[in-house]
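The block underneath contains the structure these notes are about, expressed in structure tokens.
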Amino acid sequence: MGKQPNLYAFADTAALVASLRTYVINAQNAGIARHDSFKVAVSGGSLPKVLAQALLAPSRGPDDVLRFDQWEIFFADERAVPLDHADSNYGLLKAELLDKIPADLGTPRVHPIDTAHLNDTQELADQYEQILVTSFASRDSVRLPIFDLLLLGCGPDGHTCSLFPGHELLRETSAWVAPIEDSPKPPPKRITLTLPVVTHAVKVAFVATGAGKKDVMKQIFDESNGLPCALVNEGAGDRCSWFVDNPAVEGVAFPRRSFL
Ligand SMILES: O=C(O)[C@H](O)[C@@H](O)[C@H](O)[C@H](O)COP(=O)(O)O
């Protein structure tokens with residue numbers, strides 16, 4: 001059996017976001033040391049709000065420094081809507097985090113979708129893949145882009161990004177970014193990173209909170225069922241970490257680790 005994911009459970013949101021901040025800063029520093037930038041992709045849902053709580057907190061000292069000038073932010077999945085639409089993951093991240101970053105912490109480079117292609121989701125996905133090709137060097141020389149960090153959510157059905165249980169997109173092996181037109185979670189038209197890209201990242205972190213997640217967490221961690229989140233756990237192994245609160249893992253047998 002491959003290496004197991006790390007399951008970190010916290011008593012409350014304050015403890016969760018403090019550890020998430022440490023984890024993100026470590027990933028940032030590793031990325032900058034490796035290639036002078038930090039390439040991170042984020043999801044929508046509840047993630048941007050929790051992330052903002054972690055990143056907008058005051059610095060705890062000289063080792064606890066965010067260097068947003070070196071951040072390149074991508075979207076792990078995005079809805080095919082204008083950037084100022086209520087459903088836009090970009091819009092959500094902007095409102096929760098980007099607009100609130102103090103000027104002295106620097107300004108991240110953000111890569112939204114090209115909204116000229118909202119009516120053609122294949123083109124929307126292809127254009128976004130091109131952004132990745134440019135950022136991660138040419139597609140010929142790179143089999144898959146290697147993100148420094150993916151920050152993901154987990155849906156109550158076990159989906160992550162816009163990779164849904166039983167969907168044919170889970171079998172995609174070639175594209176880096178794929179369209180979906182029948183998302184069971186509205187809105188139906190989206191683009192998403194594909195599973196090989198997700199599992200190829202240096203680090204993958206899930207944030208899942210609240211009792212509404214406990215049934216799916218049991219399925220993901222205690223059963224072998226092919227849910228998208230479980231596939232990420234299998235593919236990324238110990239490069240994958242879960243930041244959860246206690247209600248989200250009530251009744252889950254899988255052993256917790258303590259975040260040091
Ligand atoms: O655009 C989206 O719909 C999200 O990227 C999606 O994948 C989300 O992360 C999960 O649905 C979890 O959402 P919650 O964190 O709100 O439960």
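Naming scheme: A, B, ... for chains in displayed order of the structure tokens; residues 1 onward per chain; ligands 1 onward as shown.
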Discussion item. Report as number ranges by chain all protein, DNA and RNA residues lying within 12 Å of A:Glu168, evaluated on only C-alpha atoms, omitting residues in the same chain fewer than 5 positions from it.
Written reply: A: 162-163, 173, 178-183, 194-195, 228
For the residues selected in the previous step, produce a file with C-alpha atoms as an mmCIF file, in the first residue's frame.
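Output (out28.cif):
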data_model
loop_
_atom_site.group_PDB
_atom_site.id
_atom_site.type_symbol
_atom_site.label_atom_id
_atom_site.label_comp_id
_atom_site.auth_asym_id
_atom_site.auth_seq_id
_atom_site.Cartn_x
_atom_site.Cartn_y
_atom_site.Cartn_z
ATOM 1 C CA SER A 162 -15.203 19.902 -10.543
ATOM 2 C CA LEU A 163 -14.400 16.176 -10.556
ATOM 3 C CA THR A 173 -5.505 11.124 -18.902
ATOM 4 C CA ALA A 178 -11.116 19.910 -18.978
ATOM 5 C CA PRO A 179 -14.613 21.300 -19.501
ATOM 6 C CA ILE A 180 -17.704 19.931 -17.799
ATOM 7 C CA GLU A 181 -21.228 20.849 -18.874
ATOM 8 C CA ASP A 182 -23.259 18.628 -16.551
ATOM 9 C CA SER A 183 -21.932 19.454 -13.085
ATOM 10 C CA THR A 194 -7.884 16.968 -14.264
ATOM 11 C CA LEU A 195 -7.060 14.190 -11.796
ATOM 12 C CA PRO A 228 -12.805 11.724 -6.335
#
Give me the chain A side of the contact with ligand 1, cut-off 7 Å, one line per residue showing its nearest atom pair and distance in Å at one decimal, counting only C-alpha atoms and all ligand atoms, sorted by chain and residue number, as a Markdown table.
| residue | atom | partner | partner_atom_place_in_ligand_line | distance |
| --- | --- | --- | --- | --- |
| A:Ser43 | CA | ligand 1 | 5 (O) | 3.8 |
| A:Gly44 | CA | ligand 1 | 5 (O) | 3.7 |
| A:Gly45 | CA | ligand 1 | 16 (O) | 3.3 |
| A:Ser46 | CA | ligand 1 | 15 (O) | 3.8 |
| A:Leu47 | CA | ligand 1 | 15 (O) | 5.4 |
| A:Ala76 | CA | ligand 1 | 5 (O) | 6.8 |
| A:Asp77 | CA | ligand 1 | 5 (O) | 5.4 |
| A:Glu78 | CA | ligand 1 | 1 (O) | 5.6 |
| A:Arg79 | CA | ligand 1 | 1 (O) | 6.4 |
| A:Asn89 | CA | ligand 1 | 1 (O) | 6.1 |
| A:Leu152 | CA | ligand 1 | 9 (O) | 5.6 |
| A:Gly153 | CA | ligand 1 | 9 (O) | 3.6 |
| A:Cys154 | CA | ligand 1 | 12 (C) | 4.3 |
| A:Gly155 | CA | ligand 1 | 12 (C) | 4.0 |
| A:Pro156 | CA | ligand 1 | 17 (O) | 6.7 |
| A:His159 | CA | ligand 1 | 7 (O) | 6.4 |
| A:Thr160 | CA | ligand 1 | 7 (O) | 4.4 |
| A:Cys161 | CA | ligand 1 | 7 (O) | 3.7 |
| A:Ser162 | CA | ligand 1 | 7 (O) | 5.2 |
| A:Lys185 | CA | ligand 1 | 3 (O) | 6.8 |
| A:Ala208 | CA | ligand 1 | 15 (O) | 6.3 |
So that I have them on file, write out the residues from the current selection with C-alpha atoms, as a compact mmCIF listing (two decimals), in the first residue's frame.
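Done, and the output landed in result-v9.txt:
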# COMPACT_ATOMS: atom_id res chain seq x y z
CA SER A 43 -11.00 25.98 -5.29
CA GLY A 44 -14.25 27.76 -4.61
CA GLY A 45 -16.83 26.79 -2.00
CA SER A 46 -15.86 27.46 1.60
CA LEU A 47 -12.11 27.38 0.92
CA ALA A 76 -8.39 24.50 -9.52
CA ASP A 77 -11.84 24.81 -10.99
CA GLU A 78 -13.92 27.69 -12.23
CA ARG A 79 -17.50 28.23 -13.27
CA ASN A 89 -14.65 31.45 -7.94
CA LEU A 152 -9.10 22.15 -2.36
CA GLY A 153 -12.52 21.59 -0.86
CA CYS A 154 -14.47 18.36 -0.53
CA GLY A 155 -18.15 18.26 -1.45
CA PRO A 156 -20.68 16.24 0.57
CA HIS A 159 -16.26 15.63 -5.29
CA THR A 160 -13.28 17.91 -5.45
CA CYS A 161 -12.43 20.61 -8.00
CA SER A 162 -15.20 19.90 -10.54
CA LYS A 185 -23.52 21.09 -8.34
CA ALA A 208 -13.32 20.41 5.21
Distance table requested - stretch 185-255 of chain A against stretch 119-139 of chain A, cut-off 9 Å, only C-alpha atoms: one row per qualifying residue with the closest atom pair and its distance in Å to one decimal, ordered by chain and rising residue number, as a Markdown table.
| residue | atom | partner | partner_atom | distance |
| --- | --- | --- | --- | --- |
| A:Lys189 | CA | A:Thr121 | CA | 7.1 |
| A:Arg190 | CA | A:Thr121 | CA | 7.0 |
| A:Ile191 | CA | A:Ala125 | CA | 5.7 |
| A:Thr192 | CA | A:Ala125 | CA | 7.6 |
| A:Leu193 | CA | A:Glu129 | CA | 8.8 |
Write the selection just made, keeping N, CA and C atoms, as an mmCIF file, in the first residue's frame?
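result-v3.cif written:
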data_model
loop_
_atom_site.group_PDB
_atom_site.id
_atom_site.type_symbol
_atom_site.label_atom_id
_atom_site.label_comp_id
_atom_site.auth_asym_id
_atom_site.auth_seq_id
_atom_site.Cartn_x
_atom_site.Cartn_y
_atom_site.Cartn_z
ATOM 1 N N LYS A 189 -21.961 24.480 -16.021
ATOM 2 C CA LYS A 189 -20.826 24.642 -16.942
ATOM 3 C C LYS A 189 -19.607 25.161 -16.190
ATOM 4 N N ARG A 190 -18.527 24.406 -16.282
ATOM 5 C CA ARG A 190 -17.306 24.730 -15.540
ATOM 6 C C ARG A 190 -16.077 24.249 -16.300
ATOM 7 N N ILE A 191 -14.914 24.607 -15.796
ATOM 8 C CA ILE A 191 -13.679 23.934 -16.195
ATOM 9 C C ILE A 191 -12.995 23.468 -14.922
ATOM 10 N N THR A 192 -12.141 22.468 -15.066
ATOM 11 C CA THR A 192 -11.471 21.914 -13.882
ATOM 12 C C THR A 192 -10.093 21.371 -14.237
ATOM 13 N N LEU A 193 -9.187 21.430 -13.276
ATOM 14 C CA LEU A 193 -7.950 20.664 -13.415
ATOM 15 C C LEU A 193 -8.344 19.197 -13.448
#
Give me, as a tab-separated table, the closest atom pair and its distance (Å, one decimal) for every residue of stretch 111-211 of chain A within a cut-off of 8 Å of stretch 14-32 of chain A, counting only C-alpha atoms, rows sorted by chain and rising number.
residue	atom	partner	partner_atom	distance
A:Asp148	CA	A:Gly31	CA	5.8
A:Leu149	CA	A:Ala27	CA	6.7
A:Lys203	CA	A:Ala27	CA	7.6
Discussion item. Taking only C-alpha atoms into account, name the residue in A:Gln4, A:Ser88, A:Ser258, A:Thr209 that is nearest to A:Thr115.
Written reply: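 Using only C-alpha atoms, the shortest distance to A:Thr115 belongs to A:Ser88.
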Worksheet item: Given the choices A:Ala103, A:Val198, A:Leu231, A:Leu97, which gets closest to A:Phe147 if the distance is worked out from only C-alpha atoms?
Response: A:Val198
Worksheet item: If you run DSSP on this backbone, which residues of stretch 11-166 of chain A come out as helix (DSSP H, G or I), and could you give them as an MDAnalysis selection string?
Response: chainID A and resid 13:35 47:55 68:70 89:96 98:100 103:105 115:117 121:135
Item to complete: Determine which residues of stretch 33-242 of chain A receive a DSSP assignment of strand (DSSP E or B), computed from the backbone, and state them as a VMD selection string.
Response: chain A and resid 38 to 42 71 to 75 77 to 79 109 to 110 149 to 153 160 163 177 to 180 190 to 193 204 to 208 240 to 242
Output N, CA and C atoms of each residue in that selection to a file, as a short mmCIF file (atom, residue, chain, number, x, y, z; two decimals), in the first residue's frame.
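Generated file (selection_2.cif):
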data_model
loop_
_atom_site.label_atom_id
_atom_site.label_comp_id
_atom_site.auth_asym_id
_atom_site.auth_seq_id
_atom_site.Cartn_x
_atom_site.Cartn_y
_atom_site.Cartn_z
N PHE A 38 5.82 30.92 -6.31
CA PHE A 38 4.94 29.97 -5.62
C PHE A 38 3.70 29.80 -6.46
N LYS A 39 3.54 28.63 -7.05
CA LYS A 39 2.41 28.36 -7.94
C LYS A 39 1.36 27.57 -7.19
N VAL A 40 0.24 28.22 -6.96
CA VAL A 40 -0.80 27.62 -6.13
C VAL A 40 -2.14 27.71 -6.86
N ALA A 41 -2.95 26.68 -6.75
CA ALA A 41 -4.30 26.73 -7.31
C ALA A 41 -5.31 26.56 -6.19
N VAL A 42 -6.41 27.29 -6.29
CA VAL A 42 -7.43 27.25 -5.24
C VAL A 42 -8.80 26.90 -5.81
N TRP A 71 3.75 35.03 -5.57
CA TRP A 71 2.65 34.07 -5.74
C TRP A 71 2.09 34.15 -7.17
N GLU A 72 1.83 33.00 -7.73
CA GLU A 72 1.01 32.90 -8.95
C GLU A 72 -0.20 32.08 -8.57
N ILE A 73 -1.37 32.70 -8.64
CA ILE A 73 -2.59 32.02 -8.20
C ILE A 73 -3.42 31.59 -9.41
N PHE A 74 -3.76 30.30 -9.42
CA PHE A 74 -4.59 29.71 -10.47
C PHE A 74 -5.88 29.19 -9.83
N PHE A 75 -6.81 28.77 -10.67
CA PHE A 75 -8.07 28.23 -10.15
C PHE A 75 -8.12 26.73 -10.44
N ASP A 77 -10.67 24.89 -10.11
CA ASP A 77 -11.84 24.81 -10.99
C ASP A 77 -12.51 26.17 -11.02
N GLU A 78 -13.26 26.39 -12.08
CA GLU A 78 -13.92 27.69 -12.23
C GLU A 78 -15.23 27.48 -12.98
N ARG A 79 -16.20 28.29 -12.62
CA ARG A 79 -17.50 28.23 -13.27
C ARG A 79 -17.48 29.13 -14.50
N ARG A 109 0.17 37.49 -8.57
CA ARG A 109 -0.24 37.44 -9.97
C ARG A 109 -1.37 36.42 -10.05
N VAL A 110 -2.53 36.86 -10.51
CA VAL A 110 -3.70 35.98 -10.50
C VAL A 110 -4.09 35.64 -11.92
N LEU A 149 1.34 23.91 -4.72
CA LEU A 149 0.28 23.60 -3.75
C LEU A 149 -1.09 23.71 -4.42
N LEU A 150 -1.95 22.76 -4.11
CA LEU A 150 -3.37 22.88 -4.48
C LEU A 150 -4.16 22.98 -3.18
N LEU A 151 -5.04 23.95 -3.11
CA LEU A 151 -5.90 24.13 -1.94
C LEU A 151 -7.33 23.80 -2.36
N LEU A 152 -7.86 22.69 -1.84
CA LEU A 152 -9.10 22.15 -2.36
C LEU A 152 -10.16 22.00 -1.28
N GLY A 153 -11.40 21.93 -1.73
CA GLY A 153 -12.52 21.59 -0.86
C GLY A 153 -13.02 20.20 -1.18
N THR A 160 -14.25 16.84 -5.70
CA THR A 160 -13.28 17.91 -5.45
C THR A 160 -12.96 18.56 -6.79
N LEU A 163 -14.51 17.61 -10.27
CA LEU A 163 -14.40 16.18 -10.56
C LEU A 163 -15.43 15.47 -9.67
N VAL A 177 -6.53 20.60 -18.31
CA VAL A 177 -7.74 21.31 -17.90
C VAL A 177 -8.87 20.80 -18.79
N ALA A 178 -10.01 20.49 -18.20
CA ALA A 178 -11.12 19.91 -18.98
C ALA A 178 -12.41 20.67 -18.70
N PRO A 179 -13.30 20.70 -19.72
CA PRO A 179 -14.61 21.30 -19.50
C PRO A 179 -15.58 20.28 -18.91
N ILE A 180 -16.58 20.78 -18.21
CA ILE A 180 -17.70 19.93 -17.80
C ILE A 180 -18.97 20.75 -18.01
N ARG A 190 -18.53 24.41 -16.28
CA ARG A 190 -17.31 24.73 -15.54
C ARG A 190 -16.08 24.25 -16.30
N ILE A 191 -14.91 24.61 -15.80
CA ILE A 191 -13.68 23.93 -16.19
C ILE A 191 -12.99 23.47 -14.92
N THR A 192 -12.14 22.47 -15.07
CA THR A 192 -11.47 21.91 -13.88
C THR A 192 -10.09 21.37 -14.24
N LEU A 193 -9.19 21.43 -13.28
CA LEU A 193 -7.95 20.66 -13.41
C LEU A 193 -8.34 19.20 -13.45
N VAL A 204 -0.93 18.76 -1.82
CA VAL A 204 -2.36 18.96 -1.98
C VAL A 204 -2.97 19.08 -0.59
N ALA A 205 -3.72 20.15 -0.36
CA ALA A 205 -4.37 20.30 0.95
C ALA A 205 -5.87 20.43 0.76
N PHE A 206 -6.61 19.67 1.54
CA PHE A 206 -8.07 19.81 1.59
C PHE A 206 -8.44 20.52 2.88
N VAL A 207 -9.46 21.36 2.78
CA VAL A 207 -10.05 21.94 3.98
C VAL A 207 -11.52 21.51 4.01
N ALA A 208 -11.93 20.87 5.09
CA ALA A 208 -13.32 20.41 5.21
C ALA A 208 -13.77 20.61 6.65
N CYS A 240 -0.50 14.59 0.39
CA CYS A 240 -1.86 15.11 0.59
C CYS A 240 -2.14 15.30 2.09
N SER A 241 -2.68 16.46 2.46
CA SER A 241 -3.01 16.74 3.86
C SER A 241 -4.43 17.28 3.96
N TRP A 242 -5.10 16.86 5.01
CA TRP A 242 -6.47 17.32 5.24
C TRP A 242 -6.50 18.16 6.51
#
Worksheet entry | Residues within 10 Å of A:Leu227, only C-alpha atoms, excluding chain neighbours under 4 positions, as a list in words | Asp157, Gly158, His159, Thr160, Leu163, Phe164, Pro165, Gly166, Leu170, Val216, Gln219, Ile220, Glu223, Leu231, Val232 and Asn233 of chain A
Restricted to C-alpha atoms, what would the selected residues look like written as a short mmCIF file (atom, residue, chain, number, x, y, z; two decimals), in the first residue's frame?
data_model
loop_
_atom_site.label_atom_id
_atom_site.label_comp_id
_atom_site.auth_asym_id
_atom_site.auth_seq_id
_atom_site.Cartn_x
_atom_site.Cartn_y
_atom_site.Cartn_z
CA ASP A 157 -20.75 13.74 -2.33
CA GLY A 158 -16.95 13.36 -2.31
CA HIS A 159 -16.26 15.63 -5.29
CA THR A 160 -13.28 17.91 -5.45
CA LEU A 163 -14.40 16.18 -10.56
CA PHE A 164 -17.63 14.44 -9.57
CA PRO A 165 -18.25 10.83 -8.46
CA GLY A 166 -18.68 8.41 -11.36
CA LEU A 170 -12.24 11.02 -13.79
CA VAL A 216 -18.48 11.53 3.25
CA GLN A 219 -16.50 7.01 3.02
CA ILE A 220 -13.29 8.69 1.85
CA GLU A 223 -13.92 2.69 2.77
CA LEU A 231 -8.64 9.05 -5.67
CA VAL A 232 -6.64 12.16 -4.78
CA ASN A 233 -5.64 10.54 -1.47
#
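Atom CA of A:Asp114 lies 26.7 Å from atom CA of A:Pro102.
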Worksheet, complete the sentence: The distance between atom CA of A:Val197 and atom CA of A:Gly235 is 10.3 Å
Worksheet item: Do you know which residues are at most 8 Å from A:Val249 counting only C-alpha atoms, after dropping those on the same chain fewer than 2 positions away, and could you put them as number ranges by chain?
Response: A: 9, 211, 213-214, 217-218, 244-247, 251-252
Could you save the residues just selected, with C-alpha atoms, as a short mmCIF file (atom, residue, chain, number, x, y, z; two decimals), in the first residue's frame?
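And here is the file that came out, selection_24.cif:
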data_model
loop_
_atom_site.label_atom_id
_atom_site.label_comp_id
_atom_site.auth_asym_id
_atom_site.auth_seq_id
_atom_site.Cartn_x
_atom_site.Cartn_y
_atom_site.Cartn_z
CA ALA A 9 -8.18 17.48 13.01
CA ALA A 211 -20.73 17.95 10.71
CA LYS A 213 -18.94 16.40 5.99
CA LYS A 214 -18.71 13.48 8.44
CA MET A 217 -15.28 11.68 5.34
CA LYS A 218 -16.08 8.16 6.60
CA VAL A 244 -10.57 19.45 9.21
CA ASP A 245 -12.45 20.27 12.39
CA ASN A 246 -13.57 17.58 14.83
CA PRO A 247 -17.24 17.58 13.75
CA GLY A 251 -16.83 8.59 13.75
CA VAL A 252 -13.97 8.41 11.23
#
List the spatial neighbours of A:Lys49 as a PDB file with C-alpha atoms, in the first residue's frame - criterion: any atom at most 9 Å away, only C-alpha atoms, same-chain residues fewer than 6 positions off excluded.
ATOM      1  CA  LEU A  92     -15.166  34.897  -4.426  1.00  0.00           C
ATOM      2  CA  LEU A  93     -11.392  34.803  -3.930  1.00  0.00           C
ATOM      3  CA  GLU A  96     -12.538  37.241   0.484  1.00  0.00           C
ATOM      4  CA  LEU A  97      -8.786  37.559   0.034  1.00  0.00           C
TER       5      LEU A  97
END
Worksheet item: A:Pro58, A:Leu260, A:Gln70, A:Asp64: which is nearest A:Asp36, counting only C-alpha atoms?
Response: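 Residue with the minimum atom-to-atom distance to A:Asp36: A:Gln70.
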